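**Q** Just dropping this structure here.
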Amino acid sequence: MDEEKIQQAMADLRNQGEMADADAVGTVGSPECGDMVRMWLKFREDETGRKVIDRASFQSFGCQTALAVASVATEMIAGKPVDEVLEMEAAELSRPLGALPPMKMHCGQMVEGALREALAAGEEQMLPESNRSGTAQPMAPTLIDSFSGQDVPAAGGRIRIVPLDDVQES
Ligand code: FES
């Protein structure tokens with residue numbers, strides 16, 4: 001990990017904040033450090049009909065590394081087909097910052113986990129209404145709402161904050 005690149009990313013965080021018209025959102029929390037990362041995704045179809053990520057945004061109460069990884073990751077996945085993004089792991093999402101040291105790997109995995117949760121929610125949206133589990137999160141409040149007990153999505157269902165360990169095991 002290149003500390004200078006982390007500082008540069010921190011000084012110019014991209015795509016930070018709630019996305020009002022998002023198609024899907026995923027949230028992951030780490031029981032160990034207490035940090036959380038939430039990612040919003042907007043999808044579109046490309047000219048060949050493939051589902052691609054139009055844009056992504058994030059919020060995080062995480063450490064600097066998680067913020068920096070989320071920033072570069074949201075830039076990296078914009079315009080990419082969903083099936084390609086599904087293959088991307090923390091090491092790839094954080095590549096612009098250099099290899100993460102072992103003690104910082106979980107910061108990158110938080111971002112990967114939030115992305116995976118959002119992609120899963122996006123997949124669920126494609127299912128007929130009757131087949132949905134009720135955990136899709138088409139419109140979600142902010143992380144601040146999560147902590148203030150007002151975490152009630154406008155479009156029904158419930159917000160699911162997934163412990164990072166569960167994401168890694170699934
Ligand atoms: Fe927990 Fe970085 S220390 S996300």
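Residue names in the structure tokens use chain letters A, B, ... in the order shown, residue numbers from 1 in each chain, and ligand numbers from 1 in the order shown.
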Please tabulate, as CSV, the residues of chain A that come within 6 Å of ligand 1, each with its closest pair of atoms and the distance in Å to one decimal, counting only C-alpha atoms and all ligand atoms and ordering rows by chain, then residue number upward.
**A**
residue,atom,partner,partner_atom_place_in_ligand_line,distance
A:Cys33,CA,ligand 1,1 (Fe),4.6
A:Asp35,CA,ligand 1,1 (Fe),5.2
A:Gly62,CA,ligand 1,4 (S),4.6
A:Cys63,CA,ligand 1,2 (Fe),4.4
A:Thr65,CA,ligand 1,2 (Fe),5.7
A:Ala66,CA,ligand 1,4 (S),5.1
A:Cys107,CA,ligand 1,4 (S),3.8
**Q** Save the residues we just selected, C-alpha atoms, as a short mmCIF file (atom, residue, chain, number, x, y, z; two decimals), in the first residue's frame?
**A**
data_model
loop_
_atom_site.label_atom_id
_atom_site.label_comp_id
_atom_site.auth_asym_id
_atom_site.auth_seq_id
_atom_site.Cartn_x
_atom_site.Cartn_y
_atom_site.Cartn_z
CA CYS A 33 -13.36 -2.46 14.11
CA ASP A 35 -16.66 0.36 10.74
CA GLY A 62 -14.44 3.43 8.06
CA CYS A 63 -10.80 4.20 8.40
CA THR A 65 -7.98 2.93 3.91
CA ALA A 66 -11.63 1.93 3.55
CA CYS A 107 -10.68 -2.54 4.90
#
**Q** Determine which residues of stretch 35-124 of chain A DSSP labels as strand (DSSP E) from the backbone of this structure, then write them out as a PyMOL selection string.
**A** chain A and resi 36-45+51-60
**Q** May I have the selected residues written with C-alpha atoms, as a PDB file, in the first residue's frame?
**A**
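This went into selection_3.pdb:
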ATOM      1  CA  MET A  36     -19.342   0.332   8.081  1.00  0.00           C
ATOM      2  CA  VAL A  37     -19.360   0.785   4.338  1.00  0.00           C
ATOM      3  CA  ARG A  38     -22.476   1.321   2.229  1.00  0.00           C
ATOM      4  CA  MET A  39     -22.451   1.318  -1.553  1.00  0.00           C
ATOM      5  CA  TRP A  40     -25.132   2.454  -3.997  1.00  0.00           C
ATOM      6  CA  LEU A  41     -25.297   1.254  -7.602  1.00  0.00           C
ATOM      7  CA  LYS A  42     -27.101   2.504 -10.676  1.00  0.00           C
ATOM      8  CA  PHE A  43     -27.377   0.046 -13.563  1.00  0.00           C
ATOM      9  CA  ARG A  44     -27.945   0.448 -17.276  1.00  0.00           C
ATOM     10  CA  GLU A  45     -27.763  -1.719 -20.373  1.00  0.00           C
ATOM     11  CA  LYS A  51     -26.181  -5.048 -17.674  1.00  0.00           C
ATOM     12  CA  VAL A  52     -23.449  -2.619 -16.673  1.00  0.00           C
ATOM     13  CA  ILE A  53     -22.827  -0.416 -13.673  1.00  0.00           C
ATOM     14  CA  ASP A  54     -23.634   3.095 -14.781  1.00  0.00           C
ATOM     15  CA  ARG A  55     -22.264   4.665 -11.605  1.00  0.00           C
ATOM     16  CA  ALA A  56     -21.539   3.871  -7.965  1.00  0.00           C
ATOM     17  CA  SER A  57     -21.308   5.882  -4.770  1.00  0.00           C
ATOM     18  CA  PHE A  58     -20.490   5.124  -1.157  1.00  0.00           C
ATOM     19  CA  GLN A  59     -20.623   6.258   2.427  1.00  0.00           C
ATOM     20  CA  SER A  60     -18.314   5.007   5.116  1.00  0.00           C
TER      21      SER A  60
END
**Q** Rounded to one decimal place, report the atom CA of A:Asn15-atom CA of A:Pro102 distance in Å.
**A**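 About the pair atom CA of A:Asn15 and atom CA of A:Pro102: they are 26.2 Å apart.
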**Q** For A:Asp23, which of A:Gly122, A:Gly108, A:Leu86, A:Val69 is the closest residue, counting only C-alpha atoms?
**A**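 Going through A:Gly122, A:Gly108, A:Leu86, A:Val69 one by one, the smallest distance to A:Asp23 is for A:Gly122.
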**Q** Would you list the contacts of A:Asp83 as a list of chain:residue names, taking every protein, DNA or RNA residue within 12 Å and counting only C-alpha atoms, but skipping same-chain residues closer than 2 positions in sequence?
**A**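 Within the cut-off, the hits are A:Arg50, A:Lys51, A:Val52, A:Ile53, A:Ile77, A:Gly79, A:Lys80, A:Pro81, A:Val85, A:Leu86, A:Glu87, A:Met88, A:Arg116, A:Leu119, A:Ala120, A:Glu123.
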**Q** Give me the residues within 10 Å of A:Ala90 as a ChimeraX atom specification, counting only C-alpha atoms and dropping any in the same chain fewer than 6 places off.
**A** /A:69,73,99-100,105-113
